[in-house]
Amino acid sequence: MIVKRLLLFIPLVLVLFLLQSYFWVPTYENQAAGNPNRLVTYIEGSSGDAKILNPALNADSASSSIVSQVFEGLLDLDENLDLRGRLATDWEITERAYLLVNPYHRFPDGTEVTGAALFHHIQKAWKTGTDEGLKNYVQSLELLPSTQREETIPLLLPNAEGKPQLKDIQVKVRVPARVAFTLSQVDQDLFDRLKPILGEQYFDHFPFDEMIRYPKEIGKEAEEALREKFPEILPVGEHNPTIVFYLRKGVNFQDGHEFDAGDVKFTYEAIMNPKNLSPRTPDFEPIKTVEILDPYRVKIIYKRLYSPAINAWTMGILPEHLLNAAAINREKQERNLSEEAQKTFGMRDSQFNRHPIGSGRFQFVEWQGDEFIHLKRFDDYWEGPAQYQDYYMRIIPELFTQEVEFRTGAIDYYSAQPHQVDRYKNDPRYQWFSSLGFAYTYIGYNNRKPLFADGDIRKALGMAINVGEIIQYLMYGEGERTTGPYPKNTEWYDPAIQPLPYDPEGAQAIFQQHGWHVNGDGWLEKNGKIFEFNLITNNGNPIRKNLMTIAQNAWKKIGVKVNTQVFEWAVFLGDFVNTGDFDAVVLGWSMGIDPDLYQIWHSSQAGPQQLNFVGYKSQRADELIVRIRQEYNRDRQRELTHELHRLIHEDQPYTFLYAPLSTRVLDKKIVLVNEADDGEEDYQKIYPIKSGDITYHFHKWRKLEFTPDF
Amino acid sequence: MNEPKTSALSQATTMSLDPEAMAPPETPWQEFLRIFKKDYQALFGFWVLMILLVTALAGKALTEWWVVFDPEVVRLTDKFLPPFSIPSSDSLSIDRPFGGVYFMGTDELGRDVFARMFQGSFVSLSIGFVAVGISLGIGILLGGLAGFYGHVKLGFITIDTLIMRFTDAMMCFPTFFLILTAVALLPPSIYTIMIIIGLFSWMGTTRFVRAEFLSIRELDYVTAAKALGIPEARIIFRHMVPNALAPVFVSATIGVASAILTESGLSFLGFGVPPPDATWGNILSDGKGFIFDAPWLFFIPGMAIFIVVLAFNLVGEGLREALNPKLRSR
Amino acid sequence: MWNFILRNIGQRLILLIIVSFVAHSFIHLAPGEPSEVDPMNPRMKPEDIAKIRAAFHLDDPLHVQYAYWIRDLASGELKSFKDSQPVLPKIWDRFLNSLPLFILATILVWTWAFPAGIYGAVFRGGAYDRGTVFLSYALISVPGFFLSYLAILWVVGWFGVPVISIKTFGMEHAEPAYKVMDRVWHLVIPSVMAAIGGIAVLSRYVRSQMLEVLSQDYVRTARAKGLEEDTVIYGHALGNALLPFVTMFGLLLPGLIGGSVIFEQIFAWPGLGRLAYEAILSRDFPVIMTLNFIAAVLTLAGTLLSDILYAVVDPRIRLH
């Protein structure tokens with residue numbers, strides 16, 4: 001029967017056909033060796049795909065790692081975490097400050113405050129006074145006449161359903177006469193220095209109502225919100241820190257167009273354009289204006305004192321000629337969109353975000369969604385081309401398959417898990433790096449809850465946990481004890497502060513002092529209630545899950561009953577962290593380089609959706625936080641941060657556990673290649689810089705045909 | 001297929017009026033047992049399930065009510081010990097596992113894998129049973145309604161159309177994807193997972209309960225019962241449901257197996273039963289990260305799931321064979 | 001006939017709208033926000049979040065959001081929250097990636113299940129039958145990812161060839177024949193993994209259908225006529241046993257989207273399942289909604305197709 005034969009024959013042929021394909025496939029052996037191109041190709045594995053390849057719009061780590069190769073900022077951080085010029089060669093920071101005439105005030109001698117009198121008093125103090133700061137920093141004074149301006153103020157108001165919504169309010173502002181200062185450096189105490197001359201209360205009462213006019217029909221709630229903003233709209237004493245960037249000449253974008261000051265200004269405007277929904281607006285919001293002085297000089301004027309603001313300029317600069325209104329319009333026409341879509345079409349929708357062009361070391365070639373992103377080196381890069389010719393980011397979601405690909409040589413870089421340390425550290429084929437990053441892991445207590453309101457109780461809970469053992473066994477030694485809110489490898493961290501001891505008996509003694517005693521079942525009890533709470537964390541992070549179990553177990557031993565729960569990230573944030581509806585969380589922070597902790601620790605940031613979700617409140621900490629972000633002098637800043645660190649350590653709003661080391665493995669054949677001017681090559685072992693990053697010298701990396709000895 | 005019966009009957013007629021001989025040679029139950037007992041695979045599966053059931057109950061009792069095996073003790077110094085290891089000497093005596101040996105080794109926190117598997121057996125099984133219970137409940141109810149009252153009109157639409165269109169609507173989505181979406185979007189707990197697996201897997205049951213009811217409704221004995229004026233509820237529950245139950249029972253057995261597998265798939269994607277409840281699925285999915293470092297953490301739960309699911313499937317197959325009159329061996 | 005088809009299409013359209021609205025409400029009412037609204041940027045201010053929410057229409061009433069979605073879907077200008085790229089081309093790309101996997105898995109299922117099931121029925125109760133029953137149940141009883149991990153370890157460990165992703169990396173400059181065969185090889189393991197469950201289930205089904213047909217009177221008659229056993233089985237019985245399977249072609253369609261999340265995740269396959277999974281994780285509502293919608297359309301089209309096919313092949317059924 002033909003049917004019978006077919007039924008047997010077809011599946012067998014199919015299987016044979018499938019199996020023979022094996023003989024056409026190169027083995028890993030052939031892929032990794034015997035292919036000269038492989039030595040100048042770098043392949044990285046990533047568990048998630050990039051979202052959007054535009055430095056002004058991306059926020060995820062996969063996109064950032066591609067974007068940082070394709071685009072370049074004005075500045076970056078060098079090996080010692082100091083700012084270094086990239087597209088800018090140099091920059092200088094000065095200040096312009098303004099002091100308004102406060103007509104309701106009298107000078108200490110009783111005379112009326114007018115423009116001329118104010119100017120005269122200040123000039124006298126500057127020229128003949130005893131204040132060193134005033135004398136040294138102020139370069140010139142000027143009296144400006146009264147002016148008028150109009151402004152649009154965005155207000156966040158609850159709508160009919162109680163959800164916050166943005167509303168723009170037009171206001172008219174009459175600016176009285178004012179004295180303008182030009183300072184050689186930023187001085188946050190300038191107005192305090194003037195107080196002896198002006199009188200202590202000069203800044204306390206100012207007739208805002210006479211100066212600011214707004215439409216009457218905006219409603220009561222809007223009026224209240226607006227009035228709160230008056231001191232921001234018209235500050236009596238205003239600091240305008242100013243940065244002038246000197247740009248590098250002769251730098252080209254990857255399409256050959258030259259980079260100049262216009263691109264800097266455009267990048268700022270693109271981020272601030274509300275249509276683009278840039279996640280970076282908060283970094284650039286303190287900027288008042290960006291002025292082009294000439295094609296190679298830009299002047300950035302800030303609205304207020306905010307020292308970390310300069311770090312924003314490490315962000316990649318966009319090419320204006322490809323994304324400005326004309327270019328976007330052209331794309332709109334070509335894409336043939338409906339009228340509705342044309343209206344909302346902006347930079348966010350542009351195809352540029354999938355085919356980016358920047359001025360960085362690598363240029364974009366191809367992106368296959370969830371498969372790979374391919375870059376090749378940019379040969380006209382101003383500092384000379386990189387060693388690697390191609391750069392691939394392969395997207396491999398499972399760590400297991402990533403590891404399989406790494407071990408077979410199909411990926412060059414693997415960020416190992418702590419438990420894999422033993423296996424790779426001693427493997428002669430690989431080089432191993434472990435270095436401190438900017439992250440730390442903690443248990444945060446909801447300080448608002450009566451159970452955790454007392455700092456001693458939080459301390460006792462921390463003392464019950466054996467962090468040394470956690471680092472040794474859970475992290476395999478790939479972690480360091482940390483004691484406070486700053487990354488350990490920055491100067492803001494005070495290494496003199498000692499961590500909490502591991503002392504369960506001591507912890508129990510503290511509980512006893514606070515009236516908790518162990519009941520018949522072994523739980524701590526007070527007034528008939530046992531010490532019981534929920535500890536939660538997000539899923540997808542096995543180490544946090546394990547930490548939770550360890551903490552639960554450790555607390556059980558001193559009689560604290562803990563229930564643990566794991567939630568999906570969005571739910572975890574939405575239902576618990578953002579609403580403040582939790583007892584304790586296991587979480588980690590990944591910090592930036594700047595010392596500003598306003599969002600995480602200032603008491604004004606403890607509302608719903610805000611990052612001080614543990615509700616930490618300390619007046620001294622608030623003062624320090626504000627002073628730190630307004631201080632432009634690094635030495636003074638360091639003293640302040642050390643004080644803040646000590647304060648937070650003493651209050652223990654979190655139990656600070658450890659700073660994980662980032663652990664990475666590379667093929668040993670990959671080295672740093674230093675090329676001398678005469679073309680001679682010299683190899684050097686790859687090393688992590690102070691930030692823990694090993695890719696700082698990535699442009700010098702190359703894979704050798706042999707394994708070098710260092 | 002009717003040969004044994006007919007021959008028995010003809011014998012009975014030719015023989016005397018002995019009341020014993022008047023009865024059929026074997027009741028359906030006896031017949032079922034005879035066929036089932038001959039099926040060695042199903043029998044094997046059956047005994048595995050019996051052992052599992054005992055294990056699960058013992059697991060619940062010995063890890064929670066009367067703690068002999070404590071799955072929650074963390075002993076960081078004893079982490080990643082292979083099966084049949086002895087605890088290191090510096091661990092506290094109260095922390096030692098029962099019997100002084102880690103039968104199945106320890107995990108990344110030094111917890112006793114045997115105790116965890118033991119506890120997990122109850123949780124995994126209860127996920128299977130509760131989920132299937134829910135899906136059967138909904139399936140039988142909707143299927144029965146559609147099958148028996150299908151012709152009744154509610155306004156312009158019959159109950160049958162309403163229910164079956166709803167069933168179609170539920171079937172519109174790939175089941176695993178739907179369960180994944182729901183589990184990912186809702187707060188996780190063991191109950192969420194049981195309920196969601198149950199809520200999204202009743203459609204098959206509904207369809208064939210309806211089909212079964214439709215065909216039974218037309219059978220002579222039902223018509224006879226109606227003619228005798230027996231109340232409808234009694235007809236349904238006393239006469240129709242038992243006859244429609246055989247296939248339901250088969251699908252329930254296989255349903256438990258697939259619920260256990262679904263749970264392990266969800267665990268793999270990180271949406272399984274959250275700790276502290278240990279299930280075989282989440283022990284397996286936690287173990288997958290240690291496949292090179294501590295392979296037993298991956299293989300022990302994997303094999304356990306495999307054996308149990310296989311046992312359920314084989315029993316299901318055995319039941320199907322034994323209960324399906326058309327397929328009985330001649 | 002046409003009347004029947006038209007009425008069915010109408011019914012299904014109504015169903016589709018209800019289903020999509022329910023799915024829409026469920027997704028929007030579930031806890032959690034799109035990840036663009038909640039990026040872990042410590043400096044994100046409430047004003048910025050309000051701005052993003054407004055742009056995504058997240059604060060509008062549900063039915064208004066639904067209307068926006070329908071409008072954008074219909075005009076083909078629906079944009080993903082994640083990267084503002086049009087959703088439909090995105091799905092189409094992934095569909096093209098998933099398609100070969102789906103087709104090969106389907107072919108494997110259908111070519112293997114029939115012989116396995118038929119022989120099982122013919123040699124009922126024999127060693128072959130019991131062996132295949134056991135084997136097929138064993139294969140569907142292993143958690144899919146467990147088996148996949150074992151397969152990867154084994155193939156990579158013993159043969160040293162890549163099995164992950166849709167093609168070997170760095171094959172851009174190879175001969176076309178090598179490229180094609182390389183792609184075929186990468187299909188083998190994931191599609192076998194995806195097909196195993198299907199083979200087991202379908203072969204059991206084929207077997208029982210076949211048994212049912214073999215016990216029919218006409219088969220007995222054919223045998224009594226003295227026809228050769230092969231002719232009886234493959235000539236007379238098989239055709240009738242196959243009838244119900246024609247209808248299953250229609251029901252295959254929706255498997256395209258949901259069936260393979262786990263396998264695509266393990267094998268780093270850039271297909272639809274992973275797109276959906278990532279979209280769920282980041283609450284990319286337009287993508288989730290559209291995929292759900294397409295799944296529903298495919299299923300409804302599939303059931304319609306199977307109803308029609310059934311009527312076409314089985315003369316006992318009349319369409320009315």
# chains A, B, ... in the order shown; residues from 1 in each chain; ligands from 1
call {"tool": "interface_residues", "arguments": {"of": "chain A", "to": "chain C", "cutoff": "6 Å", "atoms": "only C-alpha atoms", "output": "number ranges by chain"}}
result
A: 7, 11, 21-22, 24-25, 27-28, 51-52, 165, 282, 349, 370-371, 396, 398, 570-571, 574
call {"tool": "residues_around", "arguments": {"residues": "B:Met240", "least_positions_apart": "4", "cutoff": "12 Å", "atoms": "only C-alpha atoms", "output": "PyMOL selection string"}}
result
chain B and resi 140+144+147-148+209-210+212-223+225-226+232-236+244-246
call {"tool": "write_last_selection", "arguments": {"atoms": "N, CA and C atoms", "output": "PDB file, in the first residue's frame"}}
result
ATOM      1  N   ILE B 140     -18.688  21.353  34.673  1.00  0.00           N
ATOM      2  CA  ILE B 140     -19.893  20.518  34.780  1.00  0.00           C
ATOM      3  C   ILE B 140     -21.136  21.391  34.851  1.00  0.00           C
ATOM      4  N   GLY B 144     -23.506  21.169  31.880  1.00  0.00           N
ATOM      5  CA  GLY B 144     -24.794  20.567  32.206  1.00  0.00           C
ATOM      6  C   GLY B 144     -25.935  21.491  31.843  1.00  0.00           C
ATOM      7  N   GLY B 147     -26.302  21.633  28.182  1.00  0.00           N
ATOM      8  CA  GLY B 147     -26.770  20.365  27.635  1.00  0.00           C
ATOM      9  C   GLY B 147     -28.231  20.096  27.956  1.00  0.00           C
ATOM     10  N   PHE B 148     -28.651  20.451  29.153  1.00  0.00           N
ATOM     11  CA  PHE B 148     -30.003  20.066  29.549  1.00  0.00           C
ATOM     12  C   PHE B 148     -31.017  21.168  29.292  1.00  0.00           C
ATOM     13  N   VAL B 209     -19.020  17.771  28.514  1.00  0.00           N
ATOM     14  CA  VAL B 209     -20.174  17.492  29.378  1.00  0.00           C
ATOM     15  C   VAL B 209     -21.453  17.837  28.622  1.00  0.00           C
ATOM     16  N   ARG B 210     -21.407  18.938  27.886  1.00  0.00           N
ATOM     17  CA  ARG B 210     -22.580  19.329  27.115  1.00  0.00           C
ATOM     18  C   ARG B 210     -22.893  18.250  26.070  1.00  0.00           C
ATOM     19  N   GLU B 212     -22.073  15.167  26.066  1.00  0.00           N
ATOM     20  CA  GLU B 212     -22.508  13.949  26.748  1.00  0.00           C
ATOM     21  C   GLU B 212     -23.976  14.078  27.157  1.00  0.00           C
ATOM     22  N   PHE B 213     -24.301  15.238  27.730  1.00  0.00           N
ATOM     23  CA  PHE B 213     -25.680  15.466  28.168  1.00  0.00           C
ATOM     24  C   PHE B 213     -26.644  15.440  26.990  1.00  0.00           C
ATOM     25  N   LEU B 214     -26.223  16.076  25.903  1.00  0.00           N
ATOM     26  CA  LEU B 214     -27.095  16.124  24.734  1.00  0.00           C
ATOM     27  C   LEU B 214     -27.420  14.715  24.270  1.00  0.00           C
ATOM     28  N   SER B 215     -26.406  13.833  24.278  1.00  0.00           N
ATOM     29  CA  SER B 215     -26.684  12.495  23.784  1.00  0.00           C
ATOM     30  C   SER B 215     -27.463  11.688  24.814  1.00  0.00           C
ATOM     31  N   ILE B 216     -27.117  11.861  26.100  1.00  0.00           N
ATOM     32  CA  ILE B 216     -27.840  11.082  27.124  1.00  0.00           C
ATOM     33  C   ILE B 216     -29.309  11.488  27.185  1.00  0.00           C
ATOM     34  N   ARG B 217     -29.552  12.807  26.986  1.00  0.00           N
ATOM     35  CA  ARG B 217     -30.911  13.315  27.094  1.00  0.00           C
ATOM     36  C   ARG B 217     -31.859  12.565  26.161  1.00  0.00           C
ATOM     37  N   GLU B 218     -31.318  12.126  25.033  1.00  0.00           N
ATOM     38  CA  GLU B 218     -32.161  11.462  24.049  1.00  0.00           C
ATOM     39  C   GLU B 218     -32.277   9.962  24.301  1.00  0.00           C
ATOM     40  N   LEU B 219     -31.530   9.432  25.287  1.00  0.00           N
ATOM     41  CA  LEU B 219     -31.533   7.986  25.491  1.00  0.00           C
ATOM     42  C   LEU B 219     -32.863   7.535  26.101  1.00  0.00           C
ATOM     43  N   ASP B 220     -33.148   6.270  25.882  1.00  0.00           N
ATOM     44  CA  ASP B 220     -34.448   5.733  26.271  1.00  0.00           C
ATOM     45  C   ASP B 220     -34.708   5.845  27.765  1.00  0.00           C
ATOM     46  N   TYR B 221     -33.665   5.574  28.562  1.00  0.00           N
ATOM     47  CA  TYR B 221     -33.948   5.546  29.998  1.00  0.00           C
ATOM     48  C   TYR B 221     -34.306   6.907  30.543  1.00  0.00           C
ATOM     49  N   VAL B 222     -33.780   7.945  29.931  1.00  0.00           N
ATOM     50  CA  VAL B 222     -34.153   9.288  30.372  1.00  0.00           C
ATOM     51  C   VAL B 222     -35.589   9.587  29.963  1.00  0.00           C
ATOM     52  N   THR B 223     -35.892   9.247  28.714  1.00  0.00           N
ATOM     53  CA  THR B 223     -37.270   9.433  28.247  1.00  0.00           C
ATOM     54  C   THR B 223     -38.226   8.679  29.163  1.00  0.00           C
ATOM     55  N   ALA B 225     -37.720   7.841  32.290  1.00  0.00           N
ATOM     56  CA  ALA B 225     -37.788   8.504  33.584  1.00  0.00           C
ATOM     57  C   ALA B 225     -38.700   9.712  33.520  1.00  0.00           C
ATOM     58  N   LYS B 226     -38.627  10.446  32.410  1.00  0.00           N
ATOM     59  CA  LYS B 226     -39.496  11.635  32.261  1.00  0.00           C
ATOM     60  C   LYS B 226     -40.948  11.196  32.209  1.00  0.00           C
ATOM     61  N   GLU B 232     -37.191  16.669  37.621  1.00  0.00           N
ATOM     62  CA  GLU B 232     -36.063  16.937  36.734  1.00  0.00           C
ATOM     63  C   GLU B 232     -34.729  16.844  37.469  1.00  0.00           C
ATOM     64  N   ALA B 233     -34.682  17.443  38.685  1.00  0.00           N
ATOM     65  CA  ALA B 233     -33.419  17.458  39.422  1.00  0.00           C
ATOM     66  C   ALA B 233     -32.954  16.029  39.653  1.00  0.00           C
ATOM     67  N   ARG B 234     -33.919  15.179  39.988  1.00  0.00           N
ATOM     68  CA  ARG B 234     -33.548  13.791  40.253  1.00  0.00           C
ATOM     69  C   ARG B 234     -33.049  13.111  38.985  1.00  0.00           C
ATOM     70  N   ILE B 235     -33.706  13.419  37.865  1.00  0.00           N
ATOM     71  CA  ILE B 235     -33.244  12.837  36.602  1.00  0.00           C
ATOM     72  C   ILE B 235     -31.810  13.258  36.336  1.00  0.00           C
ATOM     73  N   ILE B 236     -31.593  14.567  36.557  1.00  0.00           N
ATOM     74  CA  ILE B 236     -30.255  15.062  36.238  1.00  0.00           C
ATOM     75  C   ILE B 236     -29.218  14.430  37.147  1.00  0.00           C
ATOM     76  N   ALA B 244     -22.613  10.645  32.783  1.00  0.00           N
ATOM     77  CA  ALA B 244     -21.752  11.567  32.033  1.00  0.00           C
ATOM     78  C   ALA B 244     -20.405  11.726  32.718  1.00  0.00           C
ATOM     79  N   LEU B 245     -20.274  11.152  33.905  1.00  0.00           N
ATOM     80  CA  LEU B 245     -19.092  11.443  34.712  1.00  0.00           C
ATOM     81  C   LEU B 245     -17.830  10.725  34.270  1.00  0.00           C
ATOM     82  N   ALA B 246     -17.990   9.575  33.626  1.00  0.00           N
ATOM     83  CA  ALA B 246     -16.804   8.788  33.306  1.00  0.00           C
ATOM     84  C   ALA B 246     -15.750   9.606  32.553  1.00  0.00           C
TER      85      ALA B 246
END
call {"tool": "closest_residue", "arguments": {"among": "A:Asp427, A:Glu200, A:Glu650, A:Asp422", "to": "chain B", "atoms": "only C-alpha atoms"}}
result
A:Asp422
call {"tool": "atom_distance", "arguments": {"atom1": "atom CA of A:Leu323", "atom2": "atom CA of A:Val67"}}
result
16.2 Å
call {"tool": "interface_residues", "arguments": {"of": "chain A", "to": "chain B", "cutoff": "7 Å", "atoms": "only C-alpha atoms", "output": "tab-separated table (two decimals) with C-alpha atoms, in the first residue's frame"}}
result
chain	number	residue	atom	x	y	z
A	400	PHE	CA	21.79	29.44	31.64
A	473	TYR	CA	27.98	32.35	52.06
A	539	ASN	CA	10.49	38.69	42.27
A	540	GLY	CA	13.12	37.89	39.67
A	550	ILE	CA	17.81	34.55	55.91
A	553	ASN	CA	15.21	32.98	59.98
A	564	THR	CA	7.61	37.01	53.67
A	565	GLN	CA	6.08	37.80	50.30
A	566	VAL	CA	7.42	38.31	46.80
A	567	PHE	CA	5.66	40.51	44.25
A	568	GLU	CA	6.08	41.21	40.60
A	571	VAL	CA	2.78	45.36	41.57
call {"tool": "interface_residues", "arguments": {"of": "chain C", "to": "chain B", "cutoff": "6 Å", "atoms": "only C-alpha atoms", "output": "compact mmCIF listing (two decimals) with N, CA and C atoms, in the first residue's frame"}}
result
# COMPACT_ATOMS: atom_id res chain seq x y z
N ALA C 30 -5.89 45.78 36.24
CA ALA C 30 -4.95 45.01 37.05
C ALA C 30 -3.92 45.96 37.65
N ALA C 138 5.39 9.70 28.71
CA ALA C 138 6.63 10.12 29.38
C ALA C 138 7.05 11.48 28.85
N SER C 141 5.10 14.36 30.09
CA SER C 141 5.12 14.51 31.54
C SER C 141 6.36 15.25 32.04
N VAL C 142 7.30 15.51 31.16
CA VAL C 142 8.48 16.24 31.60
C VAL C 142 8.19 17.73 31.46
N PRO C 143 8.50 18.54 32.46
CA PRO C 143 8.34 19.99 32.26
C PRO C 143 9.16 20.41 31.05
N GLY C 258 0.60 31.85 21.48
CA GLY C 258 0.81 31.57 22.90
C GLY C 258 1.66 30.38 23.20
N ALA C 295 -4.79 37.02 18.62
CA ALA C 295 -5.03 35.64 19.04
C ALA C 295 -6.51 35.32 18.94
N ALA C 296 -7.34 36.26 19.39
CA ALA C 296 -8.78 36.02 19.34
C ALA C 296 -9.25 35.91 17.90
N THR C 299 -8.26 32.54 16.56
CA THR C 299 -9.06 31.44 17.09
C THR C 299 -10.43 31.42 16.46
call {"tool": "closest_residue", "arguments": {"among": "A:Trp569, A:Phe71, A:Tyr486, A:Phe352", "to": "A:Met315", "atoms": "only C-alpha atoms"}}
result
A:Phe71
call {"tool": "atom_distance", "arguments": {"atom1": "atom CA of A:Pro385", "atom2": "atom CA of A:Lys703"}}
result
15.9 Å
call {"tool": "atom_distance", "arguments": {"atom1": "atom CA of A:Arg448", "atom2": "atom CA of A:Gly615"}}
result
6.0 Å
call {"tool": "residues_around", "arguments": {"residues": "B:Gly198", "least_positions_apart": "3", "cutoff": "9 Å", "atoms": "only C-alpha atoms", "output": "number ranges by chain"}}
result
B: 128, 130-136, 138, 193-195, 201-202, 259
call {"tool": "write_last_selection", "arguments": {"atoms": "N, CA and C atoms", "output": "PDB file, in the first residue's frame"}}
result
ATOM      1  N   GLY B 128      -2.729  21.098  42.066  1.00  0.00           N
ATOM      2  CA  GLY B 128      -3.366  20.286  41.041  1.00  0.00           C
ATOM      3  C   GLY B 128      -4.823  20.016  41.363  1.00  0.00           C
ATOM      4  N   VAL B 130      -6.977  21.432  43.611  1.00  0.00           N
ATOM      5  CA  VAL B 130      -7.882  22.579  43.728  1.00  0.00           C
ATOM      6  C   VAL B 130      -8.170  23.168  42.346  1.00  0.00           C
ATOM      7  N   ALA B 131      -7.106  23.308  41.540  1.00  0.00           N
ATOM      8  CA  ALA B 131      -7.313  23.881  40.211  1.00  0.00           C
ATOM      9  C   ALA B 131      -8.285  23.017  39.416  1.00  0.00           C
ATOM     10  N   VAL B 132      -8.076  21.707  39.459  1.00  0.00           N
ATOM     11  CA  VAL B 132      -8.966  20.833  38.704  1.00  0.00           C
ATOM     12  C   VAL B 132     -10.366  20.856  39.302  1.00  0.00           C
ATOM     13  N   GLY B 133     -10.436  20.916  40.637  1.00  0.00           N
ATOM     14  CA  GLY B 133     -11.752  20.998  41.269  1.00  0.00           C
ATOM     15  C   GLY B 133     -12.524  22.196  40.738  1.00  0.00           C
ATOM     16  N   ILE B 134     -11.854  23.350  40.686  1.00  0.00           N
ATOM     17  CA  ILE B 134     -12.517  24.560  40.198  1.00  0.00           C
ATOM     18  C   ILE B 134     -12.938  24.385  38.742  1.00  0.00           C
ATOM     19  N   SER B 135     -12.008  23.885  37.936  1.00  0.00           N
ATOM     20  CA  SER B 135     -12.334  23.808  36.515  1.00  0.00           C
ATOM     21  C   SER B 135     -13.457  22.785  36.286  1.00  0.00           C
ATOM     22  N   LEU B 136     -13.462  21.689  37.054  1.00  0.00           N
ATOM     23  CA  LEU B 136     -14.539  20.712  36.889  1.00  0.00           C
ATOM     24  C   LEU B 136     -15.868  21.295  37.336  1.00  0.00           C
ATOM     25  N   ILE B 138     -16.891  24.396  37.385  1.00  0.00           N
ATOM     26  CA  ILE B 138     -17.426  25.310  36.371  1.00  0.00           C
ATOM     27  C   ILE B 138     -17.829  24.528  35.126  1.00  0.00           C
ATOM     28  N   ILE B 193      -2.775  31.390  42.043  1.00  0.00           N
ATOM     29  CA  ILE B 193      -2.334  30.470  41.003  1.00  0.00           C
ATOM     30  C   ILE B 193      -3.312  29.318  40.840  1.00  0.00           C
ATOM     31  N   MET B 194      -3.751  28.751  41.959  1.00  0.00           N
ATOM     32  CA  MET B 194      -4.745  27.666  41.881  1.00  0.00           C
ATOM     33  C   MET B 194      -5.992  28.139  41.147  1.00  0.00           C
ATOM     34  N   ILE B 195      -6.489  29.297  41.588  1.00  0.00           N
ATOM     35  CA  ILE B 195      -7.757  29.769  41.047  1.00  0.00           C
ATOM     36  C   ILE B 195      -7.621  30.101  39.567  1.00  0.00           C
ATOM     37  N   SER B 201      -9.213  26.768  32.655  1.00  0.00           N
ATOM     38  CA  SER B 201      -9.078  25.476  32.001  1.00  0.00           C
ATOM     39  C   SER B 201     -10.351  24.639  32.052  1.00  0.00           C
ATOM     40  N   TRP B 202     -11.497  25.300  32.189  1.00  0.00           N
ATOM     41  CA  TRP B 202     -12.742  24.528  32.272  1.00  0.00           C
ATOM     42  C   TRP B 202     -13.394  24.329  30.915  1.00  0.00           C
ATOM     43  N   ALA B 259      -2.033  20.679  35.440  1.00  0.00           N
ATOM     44  CA  ALA B 259      -1.944  21.815  36.366  1.00  0.00           C
ATOM     45  C   ALA B 259      -0.574  21.850  37.036  1.00  0.00           C
TER      46      ALA B 259
END
call {"tool": "decode", "arguments": {"residues": "stretch 278-284 of chain B", "atoms": "N, CA and C atoms", "output": "CSV table (one decimal), in the first residue's frame"}}
result
chain,number,residue,atom,x,y,z
B,278,ALA,N,7.0,26.0,49.4
B,278,ALA,CA,7.8,25.3,48.5
B,278,ALA,C,6.9,24.5,47.6
B,279,THR,N,7.0,24.6,46.3
B,279,THR,CA,6.4,23.6,45.4
B,279,THR,C,7.5,23.0,44.6
B,280,TRP,N,7.2,21.8,44.0
B,280,TRP,CA,8.3,21.2,43.2
B,280,TRP,C,8.6,22.1,42.0
B,281,GLY,N,7.6,22.8,41.5
B,281,GLY,CA,7.9,23.7,40.4
B,281,GLY,C,8.9,24.8,40.8
B,282,ASN,N,8.7,25.5,42.0
B,282,ASN,CA,9.7,26.5,42.3
B,282,ASN,C,11.0,26.0,42.8
B,283,ILE,N,11.0,24.8,43.4
B,283,ILE,CA,12.3,24.2,43.7
B,283,ILE,C,13.1,24.0,42.4
B,284,LEU,N,12.4,23.5,41.4
B,284,LEU,CA,13.1,23.2,40.1
B,284,LEU,C,13.6,24.5,39.5
